[in-house]
$ cat query-v5.cif   # mmCIF, C-alpha atoms
data_target
#
loop_
_atom_site.label_atom_id
_atom_site.label_comp_id
_atom_site.auth_asym_id
_atom_site.auth_seq_id
_atom_site.Cartn_x
_atom_site.Cartn_y
_atom_site.Cartn_z
CA MET E 1 -1.74 -25.23 46.28
CA GLY E 2 1.88 -24.99 47.56
CA ASN E 3 4.53 -22.59 46.36
CA GLY E 4 6.25 -25.40 44.49
CA GLU E 5 3.07 -26.15 42.55
CA ILE E 6 2.60 -22.48 41.69
CA GLY E 7 6.18 -22.29 40.48
CA ASP E 8 5.67 -25.42 38.34
CA ALA E 9 2.46 -23.99 36.86
CA THR E 10 4.23 -20.69 36.05
CA LEU E 11 7.05 -22.61 34.37
CA ILE E 12 4.56 -24.61 32.32
CA PHE E 13 2.79 -21.47 31.10
CA THR E 14 6.11 -19.76 30.37
CA ASN E 15 7.28 -22.74 28.35
CA TYR E 16 3.91 -22.91 26.56
CA ASP E 17 4.21 -19.26 25.52
CA GLU E 18 7.74 -19.86 24.22
CA ILE E 19 6.68 -22.98 22.33
CA ASN E 20 3.65 -21.20 20.90
CA LYS E 21 5.87 -18.36 19.70
CA ILE E 22 8.28 -20.81 18.08
CA MET E 23 5.41 -22.57 16.31
CA ASN E 24 4.21 -19.37 14.65
CA LYS E 25 4.62 -19.89 10.94
CA ILE E 26 6.66 -17.32 9.01
CA VAL E 27 6.76 -17.15 5.23
CA VAL E 28 8.96 -15.01 3.01
CA LEU E 29 7.23 -13.88 -0.19
CA ILE E 30 9.37 -12.86 -3.17
CA PRO E 31 7.60 -11.73 -6.36
CA CYS E 32 10.01 -12.09 -9.29
CA TYR E 33 10.31 -11.14 -12.92
CA ASN E 34 13.68 -11.75 -14.61
CA GLU E 35 15.86 -11.56 -11.48
CA SER E 36 18.32 -14.34 -12.31
CA SER E 37 21.35 -12.24 -11.36
CA ALA E 38 20.23 -11.69 -7.76
CA ILE E 39 17.58 -14.23 -6.74
CA ALA E 40 19.95 -16.91 -5.44
CA LYS E 41 21.61 -14.46 -3.06
CA VAL E 42 18.25 -13.15 -1.90
CA VAL E 43 16.94 -16.64 -1.10
CA GLU E 44 20.14 -17.61 0.73
CA SER E 45 20.15 -14.37 2.73
CA TYR E 46 16.63 -14.91 4.03
CA LYS E 47 17.30 -18.58 4.76
CA GLN E 48 20.09 -17.44 7.05
CA ALA E 49 18.08 -14.61 8.63
CA LEU E 50 14.92 -16.73 9.14
CA PRO E 51 15.96 -20.40 9.05
CA GLU E 52 12.53 -21.57 10.23
CA ALA E 53 10.66 -19.68 7.48
CA GLU E 54 9.30 -21.06 4.24
CA ILE E 55 10.55 -19.01 1.28
CA TYR E 56 8.23 -18.65 -1.70
CA VAL E 57 9.34 -17.26 -5.03
CA TYR E 58 6.45 -16.42 -7.34
CA ASP E 59 7.74 -16.26 -10.90
CA ASN E 60 5.86 -13.79 -13.10
CA ASN E 61 6.66 -15.03 -16.63
CA SER E 62 10.45 -14.75 -16.34
CA THR E 63 12.46 -15.69 -19.41
CA ASP E 64 15.95 -15.83 -17.84
CA GLY E 65 15.67 -18.96 -15.68
CA THR E 66 14.84 -17.14 -12.45
CA ASP E 67 12.56 -19.99 -11.34
CA GLU E 68 15.20 -22.74 -11.67
CA ILE E 69 17.85 -20.67 -9.91
CA ALA E 70 15.44 -19.96 -7.04
CA ARG E 71 14.48 -23.62 -6.78
CA LYS E 72 18.14 -24.70 -6.60
CA ALA E 73 18.74 -22.10 -3.88
CA GLY E 74 16.06 -23.75 -1.74
CA ALA E 75 12.93 -21.70 -2.43
CA ILE E 76 9.44 -23.01 -3.07
CA VAL E 77 8.66 -21.81 -6.59
CA ARG E 78 5.18 -21.04 -7.82
CA TYR E 79 3.92 -19.24 -10.89
CA GLU E 80 1.62 -16.32 -11.64
CA TYR E 81 0.91 -15.94 -15.37
CA ARG E 82 -1.00 -12.66 -15.18
CA GLN E 83 1.65 -10.00 -15.60
CA GLY E 84 2.06 -7.42 -12.86
CA LYS E 85 3.21 -7.25 -9.24
CA GLY E 86 -0.31 -6.67 -7.96
CA ASN E 87 -1.47 -9.90 -9.62
CA VAL E 88 1.42 -11.79 -8.02
CA ILE E 89 0.66 -10.48 -4.54
CA ARG E 90 -3.03 -11.30 -4.95
CA SER E 91 -2.13 -14.95 -5.59
CA MET E 92 0.40 -15.03 -2.76
CA PHE E 93 -2.07 -13.69 -0.21
CA ARG E 94 -4.81 -16.07 -1.34
CA ASP E 95 -2.71 -19.22 -1.60
CA ILE E 96 -0.41 -19.14 1.42
CA GLU E 97 -1.37 -19.67 5.06
CA ALA E 98 0.89 -18.27 7.79
CA ASP E 99 0.99 -16.17 10.95
CA CYS E 100 3.55 -13.69 9.63
CA TYR E 101 4.17 -12.74 6.00
CA LEU E 102 7.44 -11.02 5.06
CA MET E 103 7.46 -9.56 1.56
CA THR E 104 10.65 -8.50 -0.20
CA ASP E 105 11.93 -8.03 -3.74
CA GLY E 106 14.12 -10.43 -5.71
CA ASP E 107 16.65 -7.77 -6.77
CA ASP E 108 18.76 -7.78 -3.58
CA THR E 109 18.02 -4.15 -2.70
CA TYR E 110 16.51 -4.85 0.74
CA PRO E 111 18.72 -6.19 3.59
CA ALA E 112 17.76 -9.47 5.24
CA GLU E 113 19.27 -8.23 8.51
CA ASN E 114 16.01 -6.47 9.39
CA ALA E 115 13.81 -9.50 8.74
CA ARG E 116 13.82 -10.87 12.29
CA GLU E 117 12.95 -7.52 13.86
CA MET E 118 10.11 -6.96 11.40
CA CYS E 119 8.64 -10.43 11.97
CA ASN E 120 8.90 -10.12 15.76
CA LEU E 121 6.81 -6.94 15.67
CA ILE E 122 4.09 -8.90 13.87
CA LEU E 123 4.28 -12.05 16.02
CA ASP E 124 4.28 -10.03 19.26
CA ASN E 125 1.09 -8.24 18.09
CA ARG E 126 2.85 -4.88 18.13
CA ALA E 127 1.98 -4.18 14.50
CA ASP E 128 -0.35 -5.32 11.71
CA MET E 129 2.00 -4.05 9.01
CA VAL E 130 5.69 -3.24 9.32
CA ILE E 131 7.22 -1.01 6.67
CA GLY E 132 10.91 -1.17 5.72
CA ASP E 133 11.62 2.55 5.44
CA ARG E 134 14.22 3.26 2.73
CA LEU E 135 13.72 7.01 2.51
CA SER E 136 14.97 7.77 6.03
CA SER E 137 18.32 6.08 5.42
CA THR E 138 20.28 5.44 2.21
CA TYR E 139 17.71 5.55 -0.60
CA PHE E 140 18.43 9.01 -1.94
CA GLN E 141 22.19 8.31 -1.96
CA GLU E 142 21.91 4.84 -3.52
CA ASN E 143 19.17 5.45 -6.08
CA LYS E 144 20.64 6.96 -9.24
CA ARG E 145 17.26 7.77 -10.84
CA PRO E 146 16.31 11.35 -9.88
CA PHE E 147 12.71 11.09 -11.13
CA HIS E 148 12.19 8.05 -8.87
CA ASN E 149 13.37 10.14 -5.91
CA PHE E 150 11.00 12.95 -6.88
CA GLY E 151 8.14 10.46 -7.37
CA ASN E 152 8.63 8.92 -3.93
CA LYS E 153 8.56 12.37 -2.30
CA LEU E 154 5.46 13.37 -4.27
CA VAL E 155 3.55 10.18 -3.40
CA ARG E 156 4.55 10.47 0.28
CA THR E 157 3.37 14.09 0.43
CA LEU E 158 0.07 13.38 -1.34
CA ILE E 159 -0.91 10.43 0.84
CA ASN E 160 0.13 12.05 4.11
CA LYS E 161 -1.84 15.20 3.27
CA LEU E 162 -4.93 13.45 1.94
CA PHE E 163 -5.06 10.75 4.63
CA GLU E 164 -3.67 12.85 7.51
CA ASN E 165 -0.71 10.70 8.47
CA ASN E 166 3.06 10.73 8.53
CA ILE E 167 4.22 7.55 6.78
CA ARG E 168 7.80 8.07 5.62
CA ASP E 169 8.02 5.44 2.84
CA ILE E 170 4.82 4.73 0.94
CA MET E 171 6.15 2.66 -1.96
CA THR E 172 8.66 0.32 -0.34
CA GLY E 173 8.40 -3.34 -1.31
CA TYR E 174 9.87 -4.54 2.01
CA ARG E 175 7.01 -5.21 4.43
CA ALA E 176 5.81 -7.65 7.06
CA PHE E 177 2.12 -8.40 7.56
CA ALA E 178 -0.10 -10.04 10.13
CA ARG E 179 -2.49 -12.71 8.94
CA SER E 180 -5.47 -10.46 9.77
CA PHE E 181 -4.22 -7.88 7.24
CA VAL E 182 -3.34 -10.35 4.48
CA LYS E 183 -6.61 -12.25 4.56
CA ASN E 184 -8.76 -9.12 4.71
CA PHE E 185 -6.99 -6.99 2.12
CA PRO E 186 -8.87 -6.74 -1.21
CA VAL E 187 -6.14 -6.51 -3.86
CA LEU E 188 -7.42 -4.36 -6.72
CA SER E 189 -4.19 -3.13 -8.31
CA LYS E 190 -2.45 -5.14 -11.02
CA GLY E 191 0.98 -3.51 -11.10
CA PHE E 192 3.48 -1.52 -9.05
CA GLU E 193 0.78 0.67 -7.51
CA ILE E 194 0.03 -2.22 -5.13
CA GLU E 195 2.27 -0.80 -2.36
CA THR E 196 0.36 2.48 -2.44
CA GLU E 197 -2.92 0.59 -2.20
CA MET E 198 -1.64 -1.41 0.80
CA THR E 199 -0.61 1.70 2.66
CA ILE E 200 -3.88 3.55 2.06
CA HIS E 201 -5.95 0.49 3.01
CA ALA E 202 -4.00 0.12 6.26
CA LEU E 203 -4.47 3.81 7.10
CA ASP E 204 -8.17 3.80 6.27
CA LYS E 205 -8.94 0.62 8.22
CA ASN E 206 -6.89 1.75 11.23
CA PHE E 207 -4.38 -1.11 11.14
CA LEU E 208 -1.38 -0.63 13.41
CA ILE E 209 1.62 0.41 11.28
CA LYS E 210 5.26 0.46 12.35
CA GLU E 211 8.22 1.69 10.33
CA ILE E 212 11.82 0.48 10.57
CA PRO E 213 14.63 2.35 8.77
CA ILE E 214 16.55 -0.02 6.49
CA ALA E 215 19.82 0.34 4.58
CA TYR E 216 18.63 0.30 0.98
CA GLN E 217 21.18 -0.52 -1.72
CA ASP E 218 20.72 0.06 -5.44
CA ARG E 219 20.53 -2.77 -7.96
CA LYS E 220 23.75 -4.50 -8.91
CA ASP E 221 25.16 -4.44 -12.44
CA GLY E 222 23.18 -6.75 -14.69
CA SER E 223 19.94 -6.23 -12.76
CA VAL E 224 17.41 -4.01 -14.52
CA SER E 225 14.46 -2.24 -12.88
CA LYS E 226 11.02 -3.18 -14.24
CA LEU E 227 9.49 0.07 -12.97
CA ASN E 228 8.80 2.66 -15.66
CA THR E 229 9.18 6.11 -14.14
CA TYR E 230 6.46 7.80 -16.18
CA SER E 231 3.80 5.16 -16.93
CA ASP E 232 3.98 3.48 -13.53
CA GLY E 233 4.24 6.88 -11.83
CA TYR E 234 1.04 7.94 -13.58
CA LYS E 235 -0.68 4.73 -12.41
CA VAL E 236 0.39 5.39 -8.81
CA ILE E 237 -0.94 8.97 -8.86
CA ARG E 238 -4.19 7.76 -10.45
CA THR E 239 -4.50 5.08 -7.76
CA ILE E 240 -4.04 7.66 -4.99
CA LEU E 241 -6.77 9.90 -6.42
CA THR E 242 -9.10 6.94 -7.02
CA LEU E 243 -8.67 5.64 -3.47
CA PHE E 244 -9.06 9.16 -2.11
CA ARG E 245 -12.41 9.33 -3.90
CA ASP E 246 -13.42 5.87 -2.66
CA TYR E 247 -12.26 6.21 0.96
CA LYS E 248 -13.02 9.92 1.54
CA PRO E 249 -15.90 10.73 -0.81
CA LEU E 250 -17.27 13.70 1.17
CA LEU E 251 -13.95 15.55 1.08
CA PHE E 252 -13.31 14.57 -2.56
CA PHE E 253 -16.70 15.62 -3.92
CA SER E 254 -16.88 18.70 -1.69
CA SER E 255 -13.53 19.82 -3.12
CA CYS E 256 -14.82 19.29 -6.67
CA ALA E 257 -18.03 21.13 -5.78
CA ALA E 258 -16.03 24.06 -4.39
CA VAL E 259 -14.04 24.37 -7.63
CA VAL E 260 -17.20 24.26 -9.79
CA PHE E 261 -18.95 26.74 -7.50
CA LEU E 262 -15.97 29.12 -7.72
CA VAL E 263 -16.18 29.04 -11.53
CA ALA E 264 -19.92 29.75 -11.30
CA LEU E 265 -19.25 32.78 -9.07
CA ILE E 266 -16.61 34.11 -11.48
CA LEU E 267 -19.18 33.98 -14.27
CA PHE E 268 -22.09 35.28 -12.18
CA ILE E 269 -20.55 38.25 -10.34
CA PRO E 270 -20.09 40.49 -13.45
CA ILE E 271 -23.72 39.82 -14.41
CA LEU E 272 -24.82 40.75 -10.88
CA ILE E 273 -22.81 43.99 -11.02
CA ASP E 274 -24.36 44.93 -14.40
CA PHE E 275 -27.84 44.19 -13.04
CA ALA E 276 -27.21 46.37 -9.96
CA HIS E 277 -26.13 49.30 -12.15
CA THR E 278 -28.64 49.04 -15.01
CA GLY E 279 -31.44 46.76 -13.85
CA LEU E 280 -30.82 44.65 -16.99
CA VAL E 281 -29.30 41.22 -17.66
CA PRO E 282 -27.44 41.66 -20.98
CA ARG E 283 -25.74 38.23 -21.02
CA PHE E 284 -28.35 35.51 -20.58
CA PRO E 285 -26.15 32.65 -21.95
CA THR E 286 -23.50 33.37 -19.29
CA LEU E 287 -26.21 33.48 -16.64
CA PHE E 288 -27.52 30.09 -17.75
CA VAL E 289 -24.00 28.61 -17.67
CA SER E 290 -23.27 29.96 -14.19
CA THR E 291 -26.64 28.67 -12.92
CA THR E 292 -25.89 25.25 -14.39
CA PHE E 293 -22.52 25.20 -12.65
CA ILE E 294 -24.16 26.04 -9.33
CA VAL E 295 -26.59 23.14 -9.78
CA ILE E 296 -23.67 20.81 -10.65
CA ALA E 297 -21.82 21.96 -7.51
CA ILE E 298 -24.84 21.19 -5.34
CA LEU E 299 -25.23 17.74 -6.93
CA LEU E 300 -21.53 16.96 -6.35
CA TRP E 301 -21.84 17.91 -2.71
CA VAL E 302 -24.97 15.79 -2.26
CA CYS E 303 -23.21 12.83 -3.93
CA GLY E 304 -20.39 13.24 -1.42
CA LEU E 305 -22.84 13.19 1.49
CA ILE E 306 -24.58 10.03 0.26
CA LEU E 307 -21.33 8.19 -0.52
CA ASP E 308 -19.88 9.19 2.86
CA VAL E 309 -22.75 7.36 4.57
CA VAL E 310 -22.11 4.30 2.35
CA VAL E 311 -18.40 4.31 3.20
CA LYS E 312 -19.09 4.55 6.94
CA LYS E 313 -21.49 1.60 6.72
CA HIS E 314 -18.84 -0.34 4.79
CA LYS E 315 -16.30 0.35 7.55
CA GLN E 316 -18.76 -0.91 10.15
CA LEU E 317 -19.31 -4.13 8.19
CA TYR E 318 -15.55 -4.54 7.74
CA GLU E 319 -14.99 -4.26 11.50
CA LEU E 320 -17.72 -6.79 12.18
CA LEU E 321 -16.20 -9.25 9.71
CA MET E 322 -12.75 -8.74 11.26
CA ASN E 323 -14.13 -9.68 14.69
CA LYS E 324 -15.53 -13.03 13.49
#
$ encode --input "query-v5.cif" --output "structure tokens"
Amino acid sequence: MGNGEIGDATLIFTNYDEINKIMNKIVVLIPCYNESSAIAKVVESYKQALPEAEIYVYDNNSTDGTDEIARKAGAIVRYEYRQGKGNVIRSMFRDIEADCYLMTDGDDTYPAENAREMCNLILDNRADMVIGDRLSSTYFQENKRPFHNFGNKLVRTLINKLFENNIRDIMTGYRAFARSFVKNFPVLSKGFEIETEMTIHALDKNFLIKEIPIAYQDRKDGSVSKLNTYSDGYKVIRTILTLFRDYKPLLFFSSCAAVVFLVALILFIPILIDFAHTGLVPRFPTLFVSTTFIVIAILLWVCGLILDVVVKKHKQLYELLMNK
């Protein structure tokens, strides 16, 4: 084969790669509940940032005409009648087929300027999930709700300690996903704890995560947050502890066993001291309680061992299914 033929073949393959990249399907997913004041701007912003993308607005029982406004702005509108962000995302991930999924909120707090960069990381196979990191930029200046700031720091610290990582923004709603993540993510959460579940799942299953700092801006006047600081915060903390138990059972149950065993020792040591001095056991009820606690501690530890084997087998099956 001559040099000219080699050059032609190289050009063909180069053009094929470019065409293949162009043909990758991108979708923008926007879960919405009563966002009529901002949804039109959000849809228009992402149409400009990603003109080739399909934009889906999933309306979650809005009563302010959010769906009609989104439809007029050029979005594909669908409905999820089970209330809660987790329920919306479950339907989105099941229904929609794409190569890259960009998820954002309908309240105009996340900038569309980062959308192309986030999608390129997914399409170039440099990440399975890209996180729009608010906390490293403007979040703490823009957000006027101090308990939300405290909650974000608490959740970040808990997850990074329990799952041995350094994710900067756990609860952001601005993310891009590869198809392999979306179609193999079991959505269990119903509400706002869904972002926490996504992050922990990605860490546990060793998906490649990238973070991009974004310029977060607080909601505009007339737009009201649907997140309840206390009730939703409690659900997030409960989700973290539940997933910690499910994903790291040996550490979870060993920690519980250590606490129970410590209580047993506190009860047992005075009895042991009395027995050493007098040769008598004057407090049999306390001895029985401490012995029971020791048995409970051993059972907790054994449960952790058994469940740890189950979790490892589950991870092996998950990897095998991912490779099919």
$ resolve_selection --input "query-v5.cif" --expression "the PyMOL selection byres ((chain E and resi 170) around 8)" --output "list of chain:residue names"
E:Asn152, E:Val155, E:Arg156, E:Ile167, E:Arg168, E:Asp169, E:Met171, E:Thr172, E:Glu195, E:Thr196, E:Thr199
$ residues_near_point --input "query-v5.cif" --point "(17.5, -14.4, -3.8)" --cutoff "9 Å" --atoms "all atoms listed in the file" --output "number ranges by chain"
E: 30, 35-46, 57, 69-70, 73, 75, 105-108
$ write_last_selection --input "query-v5.cif" --atoms "C-alpha atoms" --output "PDB file, keeping the file's coordinate frame"
ATOM      1  CA  ILE E  30       9.370 -12.860  -3.170  1.00  0.00           C
ATOM      2  CA  GLU E  35      15.860 -11.560 -11.480  1.00  0.00           C
ATOM      3  CA  SER E  36      18.320 -14.340 -12.310  1.00  0.00           C
ATOM      4  CA  SER E  37      21.350 -12.240 -11.360  1.00  0.00           C
ATOM      5  CA  ALA E  38      20.230 -11.690  -7.760  1.00  0.00           C
ATOM      6  CA  ILE E  39      17.580 -14.230  -6.740  1.00  0.00           C
ATOM      7  CA  ALA E  40      19.950 -16.910  -5.440  1.00  0.00           C
ATOM      8  CA  LYS E  41      21.610 -14.460  -3.060  1.00  0.00           C
ATOM      9  CA  VAL E  42      18.250 -13.150  -1.900  1.00  0.00           C
ATOM     10  CA  VAL E  43      16.940 -16.640  -1.100  1.00  0.00           C
ATOM     11  CA  GLU E  44      20.140 -17.610   0.730  1.00  0.00           C
ATOM     12  CA  SER E  45      20.150 -14.370   2.730  1.00  0.00           C
ATOM     13  CA  TYR E  46      16.630 -14.910   4.030  1.00  0.00           C
ATOM     14  CA  VAL E  57       9.340 -17.260  -5.030  1.00  0.00           C
ATOM     15  CA  ILE E  69      17.850 -20.670  -9.910  1.00  0.00           C
ATOM     16  CA  ALA E  70      15.440 -19.960  -7.040  1.00  0.00           C
ATOM     17  CA  ALA E  73      18.740 -22.100  -3.880  1.00  0.00           C
ATOM     18  CA  ALA E  75      12.930 -21.700  -2.430  1.00  0.00           C
ATOM     19  CA  ASP E 105      11.930  -8.030  -3.740  1.00  0.00           C
ATOM     20  CA  GLY E 106      14.120 -10.430  -5.710  1.00  0.00           C
ATOM     21  CA  ASP E 107      16.650  -7.770  -6.770  1.00  0.00           C
ATOM     22  CA  ASP E 108      18.760  -7.780  -3.580  1.00  0.00           C
TER      23      ASP E 108
END
$ residues_around --input "query-v5.cif" --residues "Ile26 of chain E" --least-positions-apart "6" --cutoff "9 Å" --atoms "only C-alpha atoms" --output "PyMOL selection string"
chain E and resi 50+52-55+98-102+119
$ resolve_selection --input "query-v5.cif" --expression "the PyMOL selection byres ((chain E and resi 33) around 7)" --output "list of chain:residue names"
E:Cys32, E:Asn34, E:Glu35, E:Asp59, E:Asn60, E:Asn61, E:Ser62
$ write_last_selection --input "query-v5.cif" --atoms "C-alpha atoms" --output "PDB file, keeping the file's coordinate frame"
ATOM      1  CA  CYS E  32      10.010 -12.090  -9.290  1.00  0.00           C
ATOM      2  CA  ASN E  34      13.680 -11.750 -14.610  1.00  0.00           C
ATOM      3  CA  GLU E  35      15.860 -11.560 -11.480  1.00  0.00           C
ATOM      4  CA  ASP E  59       7.740 -16.260 -10.900  1.00  0.00           C
ATOM      5  CA  ASN E  60       5.860 -13.790 -13.100  1.00  0.00           C
ATOM      6  CA  ASN E  61       6.660 -15.030 -16.630  1.00  0.00           C
ATOM      7  CA  SER E  62      10.450 -14.750 -16.340  1.00  0.00           C
TER       8      SER E  62
END
$ axis_aligned_box --input "query-v5.cif" --around "segment 123-140 of chain E" --padding-each-side "8 Å" --output "JSON"
{"center_x": 10.0, "center_y": -1.5, "center_z": 8.7, "size_x": 36.6, "size_y": 37.1, "size_z": 37.2}
$ closest_residue --input "query-v5.cif" --among "E:Phe192, E:Phe177, E:Phe185, E:Phe268" --to "Ile209 of chain E" --atoms "all atoms listed in the file"
E:Phe177
$ closest_residue --input "query-v5.cif" --among "E:Lys248, E:Val259, E:Phe207, E:Arg283" --to "Glu319 of chain E" --atoms "all atoms listed in the file"
E:Phe207
$ resolve_selection --input "query-v5.cif" --expression "the PyMOL selection byres ((chain E and resi 244) around 12)" --output "PyMOL selection string"
chain E and resi 158-164+196-197+200-201+203-204+237-243+245-253+255+308+311
$ write_last_selection --input "query-v5.cif" --atoms "C-alpha atoms" --output "PDB file, in the frame of the given file"
ATOM      1  CA  LEU E 158       0.070  13.380  -1.340  1.00  0.00           C
ATOM      2  CA  ILE E 159      -0.910  10.430   0.840  1.00  0.00           C
ATOM      3  CA  ASN E 160       0.130  12.050   4.110  1.00  0.00           C
ATOM      4  CA  LYS E 161      -1.840  15.200   3.270  1.00  0.00           C
ATOM      5  CA  LEU E 162      -4.930  13.450   1.940  1.00  0.00           C
ATOM      6  CA  PHE E 163      -5.060  10.750   4.630  1.00  0.00           C
ATOM      7  CA  GLU E 164      -3.670  12.850   7.510  1.00  0.00           C
ATOM      8  CA  THR E 196       0.360   2.480  -2.440  1.00  0.00           C
ATOM      9  CA  GLU E 197      -2.920   0.590  -2.200  1.00  0.00           C
ATOM     10  CA  ILE E 200      -3.880   3.550   2.060  1.00  0.00           C
ATOM     11  CA  HIS E 201      -5.950   0.490   3.010  1.00  0.00           C
ATOM     12  CA  LEU E 203      -4.470   3.810   7.100  1.00  0.00           C
ATOM     13  CA  ASP E 204      -8.170   3.800   6.270  1.00  0.00           C
ATOM     14  CA  ILE E 237      -0.940   8.970  -8.860  1.00  0.00           C
ATOM     15  CA  ARG E 238      -4.190   7.760 -10.450  1.00  0.00           C
ATOM     16  CA  THR E 239      -4.500   5.080  -7.760  1.00  0.00           C
ATOM     17  CA  ILE E 240      -4.040   7.660  -4.990  1.00  0.00           C
ATOM     18  CA  LEU E 241      -6.770   9.900  -6.420  1.00  0.00           C
ATOM     19  CA  THR E 242      -9.100   6.940  -7.020  1.00  0.00           C
ATOM     20  CA  LEU E 243      -8.670   5.640  -3.470  1.00  0.00           C
ATOM     21  CA  ARG E 245     -12.410   9.330  -3.900  1.00  0.00           C
ATOM     22  CA  ASP E 246     -13.420   5.870  -2.660  1.00  0.00           C
ATOM     23  CA  TYR E 247     -12.260   6.210   0.960  1.00  0.00           C
ATOM     24  CA  LYS E 248     -13.020   9.920   1.540  1.00  0.00           C
ATOM     25  CA  PRO E 249     -15.900  10.730  -0.810  1.00  0.00           C
ATOM     26  CA  LEU E 250     -17.270  13.700   1.170  1.00  0.00           C
ATOM     27  CA  LEU E 251     -13.950  15.550   1.080  1.00  0.00           C
ATOM     28  CA  PHE E 252     -13.310  14.570  -2.560  1.00  0.00           C
ATOM     29  CA  PHE E 253     -16.700  15.620  -3.920  1.00  0.00           C
ATOM     30  CA  SER E 255     -13.530  19.820  -3.120  1.00  0.00           C
ATOM     31  CA  ASP E 308     -19.880   9.190   2.860  1.00  0.00           C
ATOM     32  CA  VAL E 311     -18.400   4.310   3.200  1.00  0.00           C
TER      33      VAL E 311
END
